[in-house]
$ cat data_18.txt   # compact mmCIF, C-alpha atoms
# COMPACT_ATOMS: atom_id res chain seq x y z
CA MET A 1 7.07 -14.07 -7.04
CA HIS A 2 4.70 -12.71 -9.68
CA ALA A 3 2.77 -9.46 -9.14
CA ILE A 4 -0.49 -8.00 -10.40
CA ASP A 5 -2.88 -5.14 -9.67
CA LEU A 6 -6.44 -6.28 -9.02
CA ALA A 7 -9.11 -3.56 -8.97
CA TYR A 8 -12.51 -3.71 -7.33
CA VAL A 9 -15.15 -1.41 -8.80
CA GLY A 10 -17.74 -1.58 -6.04
CA ARG A 11 -17.78 -1.99 -2.28
CA GLY A 12 -19.19 -4.69 -0.06
CA LEU A 13 -19.33 -8.46 0.17
CA HIS A 14 -20.50 -8.94 -3.41
CA GLU A 15 -17.42 -7.32 -4.86
CA GLU A 16 -14.74 -7.88 -2.24
CA LEU A 17 -15.36 -11.00 -0.13
CA THR A 18 -13.56 -13.59 -2.25
CA ALA A 19 -10.47 -11.41 -2.79
CA TYR A 20 -10.47 -10.41 0.88
CA ILE A 21 -10.46 -14.05 2.00
CA ALA A 22 -7.74 -14.92 -0.53
CA ASP A 23 -5.63 -12.13 0.94
CA GLN A 24 -6.35 -12.77 4.62
CA GLN A 25 -5.83 -16.53 4.32
CA ASP A 26 -2.51 -16.00 2.46
CA PHE A 27 -3.74 -17.84 -0.62
CA TYR A 28 -2.12 -15.28 -2.92
CA ALA A 29 1.25 -15.81 -1.28
CA ASP A 30 0.78 -19.57 -1.35
CA GLU A 31 0.15 -19.38 -5.10
CA GLY A 32 3.25 -17.25 -5.66
CA VAL A 33 1.68 -13.91 -6.55
CA HIS A 34 1.71 -10.50 -4.91
CA VAL A 35 -1.70 -8.93 -5.48
CA ALA A 36 -2.16 -5.21 -4.97
CA LEU A 37 -5.87 -4.64 -4.37
CA ARG A 38 -6.81 -1.32 -5.95
CA ASP A 39 -9.89 0.86 -5.55
CA GLY A 40 -11.09 1.29 -9.13
CA CYS A 41 -14.59 2.52 -8.30
CA ALA A 42 -14.00 5.93 -9.86
CA TRP A 43 -11.61 4.85 -12.61
CA ASP A 44 -12.50 5.18 -16.27
CA VAL A 45 -12.23 2.13 -18.48
CA GLU A 46 -8.86 3.12 -19.94
CA ARG A 47 -7.24 3.04 -16.53
CA LEU A 48 -9.16 -0.02 -15.37
CA ARG A 49 -8.23 -2.17 -18.35
CA ARG A 50 -4.54 -2.06 -17.32
CA CYS A 51 -5.42 -4.11 -14.22
CA ALA A 52 -7.21 -7.33 -13.59
CA THR A 53 -10.68 -6.48 -12.30
CA ILE A 54 -13.20 -8.12 -10.00
CA GLY A 55 -16.18 -6.34 -11.58
CA LEU A 56 -17.47 -8.66 -14.27
CA GLY A 57 -20.71 -6.71 -14.61
CA ARG A 58 -18.86 -3.51 -15.44
CA ALA A 59 -16.52 -5.43 -17.75
CA LEU A 60 -19.47 -6.94 -19.61
CA LEU A 61 -21.13 -3.54 -20.04
CA SER A 62 -17.85 -2.16 -21.34
CA ARG A 63 -17.48 -4.97 -23.85
CA LEU A 64 -21.07 -4.51 -25.05
CA THR A 65 -20.98 -0.72 -25.31
CA ASP A 66 -17.42 0.23 -26.25
CA GLY A 67 -15.92 -3.02 -27.48
CA THR A 68 -13.19 -3.35 -24.85
CA PRO A 69 -12.27 -7.05 -25.22
CA TRP A 70 -12.61 -8.08 -21.57
CA VAL A 71 -12.65 -11.80 -20.77
CA ALA A 72 -13.68 -13.30 -17.44
CA LEU A 73 -11.52 -16.08 -16.04
CA SER A 74 -13.32 -16.89 -12.78
CA VAL A 75 -16.84 -16.29 -11.47
CA ASN A 76 -17.81 -16.00 -7.81
CA THR A 77 -21.61 -15.96 -8.06
CA HIS A 78 -24.47 -15.68 -10.54
CA ARG A 79 -26.72 -13.88 -8.04
CA PRO A 80 -26.01 -10.13 -7.69
CA LEU A 81 -26.11 -8.93 -4.08
CA PHE A 82 -28.40 -5.90 -4.41
CA TRP A 83 -31.74 -5.27 -2.73
CA PHE A 84 -34.69 -2.86 -2.87
CA LEU A 85 -35.20 -1.54 0.67
CA ALA A 86 -38.33 0.49 1.45
CA ARG A 87 -40.11 2.47 4.13
CA PRO A 88 -43.22 1.04 5.86
CA GLY A 89 -46.32 0.80 3.74
CA LEU A 90 -44.59 -0.60 0.65
CA THR A 91 -44.70 -4.36 0.33
CA SER A 92 -43.83 -5.10 -3.32
CA LEU A 93 -41.90 -3.64 -6.23
CA ALA A 94 -45.21 -2.68 -7.83
CA ASP A 95 -45.81 -0.35 -4.87
CA LEU A 96 -42.89 1.80 -6.08
CA ALA A 97 -45.10 3.32 -8.77
CA GLY A 98 -45.07 7.08 -8.23
CA ARG A 99 -42.51 6.77 -5.42
CA ARG A 100 -38.97 8.09 -4.93
CA LEU A 101 -36.20 5.52 -5.37
CA ALA A 102 -32.49 6.12 -4.76
CA VAL A 103 -30.62 4.01 -7.30
CA HIS A 104 -27.41 3.66 -9.32
CA ALA A 105 -27.11 5.38 -12.70
CA PRO A 106 -28.62 3.48 -15.66
CA HIS A 107 -25.27 3.04 -17.45
CA THR A 108 -23.69 1.22 -14.49
CA ALA A 109 -23.99 -2.53 -14.04
CA PRO A 110 -26.00 -2.31 -10.78
CA GLY A 111 -28.21 0.38 -12.32
CA ALA A 112 -28.91 -1.76 -15.39
CA PHE A 113 -29.74 -4.72 -13.14
CA ALA A 114 -32.15 -2.56 -11.14
CA ARG A 115 -33.94 -1.42 -14.29
CA ILE A 116 -34.26 -5.00 -15.54
CA VAL A 117 -35.85 -6.10 -12.27
CA LEU A 118 -38.19 -3.09 -12.21
CA ARG A 119 -39.34 -3.86 -15.75
CA LYS A 120 -40.04 -7.47 -14.76
CA ALA A 121 -42.30 -6.05 -12.04
CA GLY A 122 -44.22 -4.09 -14.66
CA LEU A 123 -42.63 -0.69 -13.99
CA ASP A 124 -41.04 1.67 -16.49
CA PRO A 125 -38.02 3.04 -14.59
CA ASP A 126 -38.06 6.25 -16.64
CA HIS A 127 -41.73 7.12 -16.22
CA ASP A 128 -43.42 5.14 -13.43
CA LEU A 129 -41.29 6.26 -10.49
CA HIS A 130 -39.05 9.12 -9.43
CA THR A 131 -35.41 8.00 -9.46
CA ILE A 132 -32.74 9.79 -7.46
CA VAL A 133 -29.39 8.77 -8.96
CA ARG A 134 -26.54 8.60 -6.49
CA SER A 135 -23.01 7.25 -6.44
CA PRO A 136 -22.57 3.50 -5.93
CA GLY A 137 -21.89 2.65 -2.31
CA ASP A 138 -23.49 5.80 -0.89
CA TYR A 139 -25.89 3.68 1.11
CA GLY A 140 -25.36 5.40 4.45
CA MET A 141 -26.99 8.51 3.00
CA ASP A 142 -29.80 6.34 1.69
CA LEU A 143 -30.53 5.13 5.22
CA ARG A 144 -30.64 8.70 6.48
CA ARG A 145 -33.04 9.66 3.70
CA LEU A 146 -35.25 6.68 4.41
CA HIS A 147 -35.34 7.81 8.03
CA ASP A 148 -36.31 11.39 7.23
CA GLY A 149 -38.77 10.40 4.51
CA SER A 150 -37.09 12.24 1.64
CA ILE A 151 -37.02 8.94 -0.29
CA ASP A 152 -39.43 6.01 -0.20
CA ALA A 153 -37.00 3.25 -1.18
CA ALA A 154 -33.34 2.62 -1.93
CA TYR A 155 -31.51 0.13 -4.09
CA VAL A 156 -28.66 -0.99 -1.82
CA GLY A 157 -25.66 -3.27 -1.99
CA SER A 158 -23.78 -5.58 0.32
CA THR A 159 -22.10 -3.08 2.63
CA MET A 160 -24.94 -4.05 4.98
CA ALA A 161 -27.26 -6.98 5.63
CA PRO A 162 -30.49 -5.38 4.34
CA GLU A 163 -32.79 -7.87 6.02
CA ALA A 164 -31.23 -7.04 9.41
CA VAL A 165 -31.39 -3.29 8.73
CA ALA A 166 -35.04 -3.61 7.69
CA ALA A 167 -35.93 -5.53 10.84
CA GLU A 168 -34.20 -2.96 13.04
CA HIS A 169 -36.01 0.04 11.53
CA GLY A 170 -39.37 -1.46 10.66
CA TRP A 171 -38.67 -1.24 6.91
CA GLN A 172 -39.31 -3.77 4.17
CA VAL A 173 -37.04 -5.65 1.76
CA LEU A 174 -39.10 -5.55 -1.42
CA ALA A 175 -36.85 -7.76 -3.52
CA TRP A 176 -33.42 -9.29 -3.86
CA VAL A 177 -32.00 -8.91 -7.36
CA GLY A 178 -30.64 -12.46 -7.23
CA ASP A 179 -34.21 -13.78 -7.17
CA HIS A 180 -35.06 -11.98 -10.41
CA LEU A 181 -31.84 -11.83 -12.45
CA GLN A 182 -29.02 -14.32 -12.64
CA ILE A 183 -25.78 -13.10 -14.20
CA PRO A 184 -22.10 -13.81 -13.46
CA THR A 185 -21.07 -10.43 -12.04
CA VAL A 186 -17.93 -10.76 -9.90
CA GLY A 187 -14.71 -12.77 -10.21
CA VAL A 188 -11.54 -12.06 -12.19
CA ALA A 189 -11.42 -10.47 -15.66
CA VAL A 190 -8.66 -9.05 -17.84
CA ASP A 191 -8.36 -7.12 -21.07
CA PRO A 192 -5.99 -9.26 -23.20
CA THR A 193 -4.79 -6.09 -24.90
CA HIS A 194 -2.83 -5.39 -21.72
CA ILE A 195 -2.78 -8.63 -19.69
CA PRO A 196 -2.78 -12.07 -21.35
CA PRO A 197 -5.30 -14.46 -19.75
CA ASP A 198 -2.57 -17.07 -19.37
CA ASP A 199 -0.23 -14.64 -17.59
CA PRO A 200 1.23 -16.54 -14.60
CA ALA A 201 0.21 -13.80 -12.17
CA VAL A 202 -3.39 -13.87 -13.41
CA GLN A 203 -3.58 -17.63 -13.21
CA ALA A 204 -2.13 -17.59 -9.70
CA ALA A 205 -4.76 -15.05 -8.61
CA VAL A 206 -7.50 -17.19 -10.14
CA ARG A 207 -6.26 -20.23 -8.21
CA ALA A 208 -6.20 -18.22 -4.99
CA HIS A 209 -9.78 -17.05 -5.57
CA ARG A 210 -10.95 -20.58 -6.17
CA ARG A 211 -9.40 -21.60 -2.87
CA ALA A 212 -11.27 -18.71 -1.23
CA LEU A 213 -14.50 -19.93 -2.81
CA GLN A 214 -13.91 -23.31 -1.19
CA VAL A 215 -13.61 -21.58 2.19
CA ILE A 216 -16.88 -19.72 1.58
CA ARG A 217 -18.67 -22.99 0.87
CA ASP A 218 -16.98 -25.27 3.42
CA ASP A 219 -15.94 -23.09 6.39
CA PRO A 220 -18.86 -20.98 7.66
CA ASP A 221 -17.07 -19.81 10.82
CA THR A 222 -14.07 -18.43 8.94
CA THR A 223 -16.29 -16.85 6.28
CA VAL A 224 -18.60 -15.17 8.80
CA ARG A 225 -15.58 -13.87 10.71
CA HIS A 226 -14.33 -12.20 7.53
CA MET A 227 -17.83 -11.00 6.59
CA ARG A 228 -18.06 -9.05 9.82
CA THR A 229 -15.27 -6.78 8.55
CA PHE A 230 -17.82 -5.54 6.00
CA LEU A 231 -20.93 -5.82 8.19
CA GLY A 232 -19.74 -3.78 11.15
CA GLY A 233 -23.27 -2.64 11.92
CA GLN A 234 -24.61 -6.18 12.27
CA THR A 235 -24.25 -8.79 15.00
CA GLU A 236 -22.53 -12.12 14.44
CA GLU A 237 -25.96 -13.80 14.37
CA GLU A 238 -27.16 -11.36 11.69
CA ALA A 239 -24.00 -11.85 9.63
CA ARG A 240 -24.40 -15.63 9.86
CA ALA A 241 -28.04 -15.43 8.76
CA HIS A 242 -26.96 -13.28 5.81
CA TYR A 243 -24.28 -15.84 4.92
CA GLU A 244 -26.74 -18.73 5.11
CA THR A 245 -29.36 -16.97 2.99
CA PHE A 246 -27.38 -15.16 0.29
CA ILE A 247 -23.73 -16.34 0.28
CA HIS A 248 -23.38 -20.04 1.02
CA PRO A 249 -26.11 -21.32 -1.34
CA TYR A 250 -25.07 -19.21 -4.31
CA PHE A 251 -21.30 -18.72 -4.45
CA THR A 252 -19.50 -21.17 -6.73
CA THR A 253 -16.84 -23.53 -5.46
CA ASP A 254 -14.84 -23.70 -8.70
CA GLY A 255 -15.20 -20.31 -10.38
CA GLN A 256 -17.09 -21.82 -13.31
CA THR A 257 -19.89 -20.25 -15.34
CA ASP A 258 -23.33 -21.60 -16.14
CA ALA A 259 -23.27 -20.94 -19.88
CA ALA A 260 -27.04 -21.01 -20.35
CA VAL A 261 -27.55 -18.50 -17.55
CA ALA A 262 -24.76 -16.32 -18.91
CA ASP A 263 -26.07 -16.27 -22.50
CA SER A 264 -29.55 -15.34 -21.30
CA ALA A 265 -28.13 -12.62 -19.04
CA ILE A 266 -26.00 -11.10 -21.83
CA ALA A 267 -29.07 -10.86 -24.06
CA THR A 268 -31.12 -9.29 -21.26
CA VAL A 269 -28.45 -6.71 -20.38
CA ALA A 270 -27.84 -5.83 -24.03
CA ALA A 271 -31.57 -5.26 -24.54
CA GLU A 272 -31.68 -2.98 -21.50
CA LEU A 273 -28.73 -0.99 -22.82
CA GLY A 274 -30.18 -0.84 -26.32
CA VAL A 275 -27.10 -2.39 -27.94
CA PRO A 276 -26.49 -5.65 -29.86
CA ALA A 277 -25.54 -8.70 -27.82
CA GLY A 278 -22.22 -8.78 -29.64
CA VAL A 279 -20.55 -11.43 -27.48
CA THR A 280 -21.51 -14.93 -26.40
CA ALA A 281 -21.03 -16.45 -22.99
CA ALA A 282 -18.34 -18.75 -24.39
CA GLU A 283 -16.42 -15.73 -25.73
CA PHE A 284 -16.67 -13.61 -22.60
CA TYR A 285 -16.60 -16.18 -19.76
CA ARG A 286 -13.49 -18.30 -20.29
CA THR A 287 -13.61 -20.02 -16.93
CA THR A 288 -13.13 -23.66 -17.89
CA THR A 289 -10.02 -25.15 -16.30
$ encode --input "data_18.txt" --output "structure tokens"
Amino acid sequence: MHAIDLAYVGRGLHEELTAYIADQQDFYADEGVHVALRDGCAWDVERLRRCATIGLGRALLSRLTDGTPWVALSVNTHRPLFWFLARPGLTSLADLAGRRLAVHAPHTAPGAFARIVLRKAGLDPDHDLHTIVRSPGDYGMDLRRLHDGSIDAAYVGSTMAPEAVAAEHGWQVLAWVGDHLQIPTVGVAVDPTHIPPDDPAVQAAVRAHRRALQVIRDDPDTTVRHMRTFLGGQTEEEARAHYETFIHPYFTTDGQTDAAVADSAIATVAAELGVPAGVTAAEFYRTTT
């Protein structure tokens, strides 16, 4: 049996669901590969590049900013699972002007996505609102701060179902990033310097993930059951509604990339980072089987 380390660089359904299903349904074993799922959230790029990684957004930023030659071999979704969640009284992104927003750092993939969406809403993220930068995944503290009023809004990920949390507390979901920015952000990527894309272990992991994507599209009951591992604070009905709204319609079934979407997204992210778009979708996303 082949073996490979596969690192996730964020927490929640967006980053982990496909790999989790591949593991729990024994697809890795069926494909003849032992996959060690590693927590790479705090790893620097030099350590991360020695593994396969789920985080295509972080890999793309790394390729654009430091030239690490990441290539993506499978894509789970083109719709990033991040939301702007706000206290009562705010009903649109424009209402964040002058307000306090907890958000990821600008140089991270989620942080860059947030800034792109804010700019589309007519806001300068550096001057039009007060940003409180916090570590990715620290959303429990965000909820506490929303409760006590020390922040007005938070940019949160898929460790929760934000629409259910908002309904419970009388808050407002101002926007879902996937409605405003499409970019292939999670899947399987490798740095060929250390792991050849055609390595049998990598290809076996890609096949297992594509089987998991079929489950996500075709087997709602199994998918929702696995989702509840991540959404422990939500009911089965809330998890199913989240699946039907954000997961089922937008996850791929074959791991392929929409090249036009990807080229546009690369240009948009590069502009936000202030660097040249030095890679095309065809060069970075090598997902064709």
$ residues_around --input "data_18.txt" --residues "Leu56 (chain A)" --least-positions-apart "6" --cutoff "9 Å" --atoms "all atoms listed in the file" --output "list in words"
Trp70, Val71, Ala72, Val75, Ala109, Pro184, Thr185, Val186, Gly187, Val188 and Ala189 of chain A
$ write_last_selection --input "data_18.txt" --atoms "C-alpha atoms" --output "PDB file, keeping the file's coordinate frame"
ATOM      1  CA  TRP A  70     -12.610  -8.080 -21.570  1.00  0.00           C
ATOM      2  CA  VAL A  71     -12.650 -11.800 -20.770  1.00  0.00           C
ATOM      3  CA  ALA A  72     -13.680 -13.300 -17.440  1.00  0.00           C
ATOM      4  CA  VAL A  75     -16.840 -16.290 -11.470  1.00  0.00           C
ATOM      5  CA  ALA A 109     -23.990  -2.530 -14.040  1.00  0.00           C
ATOM      6  CA  PRO A 184     -22.100 -13.810 -13.460  1.00  0.00           C
ATOM      7  CA  THR A 185     -21.070 -10.430 -12.040  1.00  0.00           C
ATOM      8  CA  VAL A 186     -17.930 -10.760  -9.900  1.00  0.00           C
ATOM      9  CA  GLY A 187     -14.710 -12.770 -10.210  1.00  0.00           C
ATOM     10  CA  VAL A 188     -11.540 -12.060 -12.190  1.00  0.00           C
ATOM     11  CA  ALA A 189     -11.420 -10.470 -15.660  1.00  0.00           C
TER      12      ALA A 189
END
$ atom_distance --input "data_18.txt" --atom1 "CA of Ala204 (chain A)" --atom2 "CA of Ala52 (chain A)"
12.1 Å
$ residues_around --input "data_18.txt" --residues "region 151-162 of chain A" --least-positions-apart "6" --cutoff "9 Å" --atoms "all atoms listed in the file" --output "PDB file with C-alpha atoms, in the coordinates of the input"
ATOM      1  CA  ARG A  11     -17.780  -1.990  -2.280  1.00  0.00           C
ATOM      2  CA  GLY A  12     -19.190  -4.690  -0.060  1.00  0.00           C
ATOM      3  CA  LEU A  13     -19.330  -8.460   0.170  1.00  0.00           C
ATOM      4  CA  HIS A  14     -20.500  -8.940  -3.410  1.00  0.00           C
ATOM      5  CA  GLU A  15     -17.420  -7.320  -4.860  1.00  0.00           C
ATOM      6  CA  PRO A  80     -26.010 -10.130  -7.690  1.00  0.00           C
ATOM      7  CA  LEU A  81     -26.110  -8.930  -4.080  1.00  0.00           C
ATOM      8  CA  PHE A  82     -28.400  -5.900  -4.410  1.00  0.00           C
ATOM      9  CA  TRP A  83     -31.740  -5.270  -2.730  1.00  0.00           C
ATOM     10  CA  PHE A  84     -34.690  -2.860  -2.870  1.00  0.00           C
ATOM     11  CA  LEU A  85     -35.200  -1.540   0.670  1.00  0.00           C
ATOM     12  CA  ALA A  86     -38.330   0.490   1.450  1.00  0.00           C
ATOM     13  CA  ARG A  87     -40.110   2.470   4.130  1.00  0.00           C
ATOM     14  CA  PRO A  88     -43.220   1.040   5.860  1.00  0.00           C
ATOM     15  CA  LEU A  90     -44.590  -0.600   0.650  1.00  0.00           C
ATOM     16  CA  LEU A  96     -42.890   1.800  -6.080  1.00  0.00           C
ATOM     17  CA  ARG A  99     -42.510   6.770  -5.420  1.00  0.00           C
ATOM     18  CA  ARG A 100     -38.970   8.090  -4.930  1.00  0.00           C
ATOM     19  CA  LEU A 101     -36.200   5.520  -5.370  1.00  0.00           C
ATOM     20  CA  ALA A 102     -32.490   6.120  -4.760  1.00  0.00           C
ATOM     21  CA  VAL A 103     -30.620   4.010  -7.300  1.00  0.00           C
ATOM     22  CA  HIS A 104     -27.410   3.660  -9.320  1.00  0.00           C
ATOM     23  CA  PRO A 110     -26.000  -2.310 -10.780  1.00  0.00           C
ATOM     24  CA  GLY A 111     -28.210   0.380 -12.320  1.00  0.00           C
ATOM     25  CA  ALA A 114     -32.150  -2.560 -11.140  1.00  0.00           C
ATOM     26  CA  ILE A 132     -32.740   9.790  -7.460  1.00  0.00           C
ATOM     27  CA  PRO A 136     -22.570   3.500  -5.930  1.00  0.00           C
ATOM     28  CA  GLY A 137     -21.890   2.650  -2.310  1.00  0.00           C
ATOM     29  CA  ASP A 138     -23.490   5.800  -0.890  1.00  0.00           C
ATOM     30  CA  TYR A 139     -25.890   3.680   1.110  1.00  0.00           C
ATOM     31  CA  ASP A 142     -29.800   6.340   1.690  1.00  0.00           C
ATOM     32  CA  LEU A 143     -30.530   5.130   5.220  1.00  0.00           C
ATOM     33  CA  ARG A 145     -33.040   9.660   3.700  1.00  0.00           C
ATOM     34  CA  GLN A 172     -39.310  -3.770   4.170  1.00  0.00           C
ATOM     35  CA  VAL A 173     -37.040  -5.650   1.760  1.00  0.00           C
ATOM     36  CA  PHE A 230     -17.820  -5.540   6.000  1.00  0.00           C
ATOM     37  CA  LEU A 231     -20.930  -5.820   8.190  1.00  0.00           C
ATOM     38  CA  GLY A 232     -19.740  -3.780  11.150  1.00  0.00           C
ATOM     39  CA  GLY A 233     -23.270  -2.640  11.920  1.00  0.00           C
ATOM     40  CA  GLN A 234     -24.610  -6.180  12.270  1.00  0.00           C
ATOM     41  CA  GLU A 238     -27.160 -11.360  11.690  1.00  0.00           C
ATOM     42  CA  ALA A 239     -24.000 -11.850   9.630  1.00  0.00           C
ATOM     43  CA  HIS A 242     -26.960 -13.280   5.810  1.00  0.00           C
TER      44      HIS A 242
END
$ atom_distance --input "data_18.txt" --atom1 "CA of Val117 (chain A)" --atom2 "CA of Ala7 (chain A)"
27.1 Å
$ residues_around --input "data_18.txt" --residues "Ala262 (chain A)" --least-positions-apart "6" --cutoff "10 Å" --atoms "only C-alpha atoms" --output "number ranges by chain"
A: 78, 182-185, 268, 280-282, 284-285
$ atom_distance --input "data_18.txt" --atom1 "CA of Ala270 (chain A)" --atom2 "CA of Thr77 (chain A)"
19.9 Å
$ closest_atom_pairs --input "data_18.txt" --of "region 143-212 of chain A" --to "region 21-24 of chain A" --cutoff "10 Å" --atoms "only C-alpha atoms" --output "tab-separated table"
residue	atom	partner	partner_atom	distance
A:Ala205	CA	A:Ala22	CA	8.6
A:Val206	CA	A:Ala22	CA	9.9
A:Arg207	CA	A:Ala22	CA	9.5
A:Ala208	CA	A:Ala22	CA	5.8
A:His209	CA	A:Ala22	CA	5.8
A:Arg210	CA	A:Ala22	CA	8.6
A:Arg211	CA	A:Ala22	CA	7.3
A:Ala212	CA	A:Ala22	CA	5.2
$ residues_around --input "data_18.txt" --residues "Ala42 (chain A)" --least-positions-apart "4" --cutoff "10 Å" --atoms "all atoms listed in the file" --output "list in words"
Val9, Gly10, Arg47, Leu48, Ser135 and Pro136 of chain A
$ residues_near_point --input "data_18.txt" --point "(-18.4, 6.5, -14.8)" --cutoff "10 Å" --atoms "all atoms listed in the file" --output "list in words"
Cys41, Ala42, Trp43, Asp44, Val45, Ala105, His107, Thr108 and Ser135 of chain A
$ residues_around --input "data_18.txt" --residues "Leu273 (chain A)" --least-positions-apart "5" --cutoff "12 Å" --atoms "all atoms listed in the file" --output "short mmCIF file (atom, residue, chain, number, x, y, z; two decimals) with C-alpha atoms, in the frame of the given file"
data_model
loop_
_atom_site.label_atom_id
_atom_site.label_comp_id
_atom_site.auth_asym_id
_atom_site.auth_seq_id
_atom_site.Cartn_x
_atom_site.Cartn_y
_atom_site.Cartn_z
CA LEU A 60 -19.47 -6.94 -19.61
CA LEU A 61 -21.13 -3.54 -20.04
CA SER A 62 -17.85 -2.16 -21.34
CA ARG A 63 -17.48 -4.97 -23.85
CA LEU A 64 -21.07 -4.51 -25.05
CA THR A 65 -20.98 -0.72 -25.31
CA ASP A 66 -17.42 0.23 -26.25
CA PRO A 106 -28.62 3.48 -15.66
CA HIS A 107 -25.27 3.04 -17.45
CA THR A 108 -23.69 1.22 -14.49
CA ALA A 109 -23.99 -2.53 -14.04
CA GLY A 111 -28.21 0.38 -12.32
CA ALA A 112 -28.91 -1.76 -15.39
CA PHE A 113 -29.74 -4.72 -13.14
CA ARG A 115 -33.94 -1.42 -14.29
CA ILE A 116 -34.26 -5.00 -15.54
CA ILE A 266 -26.00 -11.10 -21.83
CA ALA A 267 -29.07 -10.86 -24.06
CA THR A 268 -31.12 -9.29 -21.26
#
$ closest_residue --input "data_18.txt" --among "A:Asp263, A:Asp26, A:Asp179, A:Asp218" --to "Arg79 (chain A)" --atoms "only C-alpha atoms"
A:Asp179
$ closest_residue --input "data_18.txt" --among "A:Ile247, A:Leu129, A:Ile195, A:Val279" --to "Ala94 (chain A)" --atoms "all atoms listed in the file"
A:Leu129
$ closest_residue --input "data_18.txt" --among "A:Ala36, A:Leu181, A:Ala241, A:Ile216" --to "Ala3 (chain A)" --atoms "all atoms listed in the file"
A:Ala36
$ closest_residue --input "data_18.txt" --among "A:His169, A:Arg217, A:Ala259, A:Val190" --to "Gln203 (chain A)" --atoms "only C-alpha atoms"
A:Val190
$ closest_residue --input "data_18.txt" --among "A:Val177, A:Leu6, A:Ala265, A:Val202" --to "Phe246 (chain A)" --atoms "only C-alpha atoms"
A:Val177
$ decode --input "data_18.txt" --residues "region 79-94 of chain A" --atoms "N, CA and C atoms" --output "mmCIF file, in the first residue's frame"
data_model
loop_
_atom_site.group_PDB
_atom_site.id
_atom_site.type_symbol
_atom_site.label_atom_id
_atom_site.label_comp_id
_atom_site.auth_asym_id
_atom_site.auth_seq_id
_atom_site.Cartn_x
_atom_site.Cartn_y
_atom_site.Cartn_z
ATOM 1 N N ARG A 79 -16.671 27.737 -4.801
ATOM 2 C CA ARG A 79 -17.391 28.713 -3.983
ATOM 3 C C ARG A 79 -16.886 28.658 -2.542
ATOM 4 N N PRO A 80 -15.993 29.565 -2.147
ATOM 5 C CA PRO A 80 -15.432 29.520 -0.789
ATOM 6 C C PRO A 80 -16.511 29.642 0.285
ATOM 7 N N LEU A 81 -16.403 28.798 1.304
ATOM 8 C CA LEU A 81 -17.398 28.771 2.381
ATOM 9 C C LEU A 81 -16.981 29.703 3.518
ATOM 10 N N PHE A 82 -17.152 31.006 3.272
ATOM 11 C CA PHE A 82 -16.936 32.039 4.289
ATOM 12 C C PHE A 82 -18.082 33.039 4.211
ATOM 13 N N TRP A 83 -18.435 33.578 5.386
ATOM 14 C CA TRP A 83 -19.587 34.477 5.471
ATOM 15 C C TRP A 83 -19.255 35.691 6.335
ATOM 16 N N PHE A 84 -19.952 36.798 6.077
ATOM 17 C CA PHE A 84 -19.914 37.973 6.942
ATOM 18 C C PHE A 84 -21.150 37.922 7.832
ATOM 19 N N LEU A 85 -20.928 37.775 9.130
ATOM 20 C CA LEU A 85 -21.992 37.640 10.124
ATOM 21 C C LEU A 85 -22.002 38.895 10.986
ATOM 22 N N ALA A 86 -23.188 39.501 11.199
ATOM 23 C CA ALA A 86 -23.228 40.803 11.860
ATOM 24 C C ALA A 86 -24.299 40.874 12.931
ATOM 25 N N ARG A 87 -24.099 41.814 13.849
ATOM 26 C CA ARG A 87 -25.079 42.113 14.879
ATOM 27 C C ARG A 87 -26.322 42.780 14.269
ATOM 28 N N PRO A 88 -27.428 42.836 15.032
ATOM 29 C CA PRO A 88 -28.639 43.503 14.527
ATOM 30 C C PRO A 88 -28.365 44.947 14.137
ATOM 31 N N GLY A 89 -29.099 45.408 13.146
ATOM 32 C CA GLY A 89 -28.960 46.779 12.690
ATOM 33 C C GLY A 89 -28.135 46.922 11.434
ATOM 34 N N LEU A 90 -27.351 45.903 11.105
ATOM 35 C CA LEU A 90 -26.573 45.891 9.865
ATOM 36 C C LEU A 90 -27.244 44.935 8.895
ATOM 37 N N THR A 91 -27.496 45.390 7.686
ATOM 38 C CA THR A 91 -28.231 44.560 6.737
ATOM 39 C C THR A 91 -27.492 44.331 5.430
ATOM 40 N N SER A 92 -26.366 45.031 5.214
ATOM 41 C CA SER A 92 -25.602 44.872 3.976
ATOM 42 C C SER A 92 -24.132 45.105 4.264
ATOM 43 N N LEU A 93 -23.282 44.680 3.324
ATOM 44 C CA LEU A 93 -21.847 44.920 3.490
ATOM 45 C C LEU A 93 -21.543 46.414 3.568
ATOM 46 N N ALA A 94 -22.294 47.219 2.846
ATOM 47 C CA ALA A 94 -22.056 48.663 2.892
ATOM 48 C C ALA A 94 -22.227 49.218 4.301
#
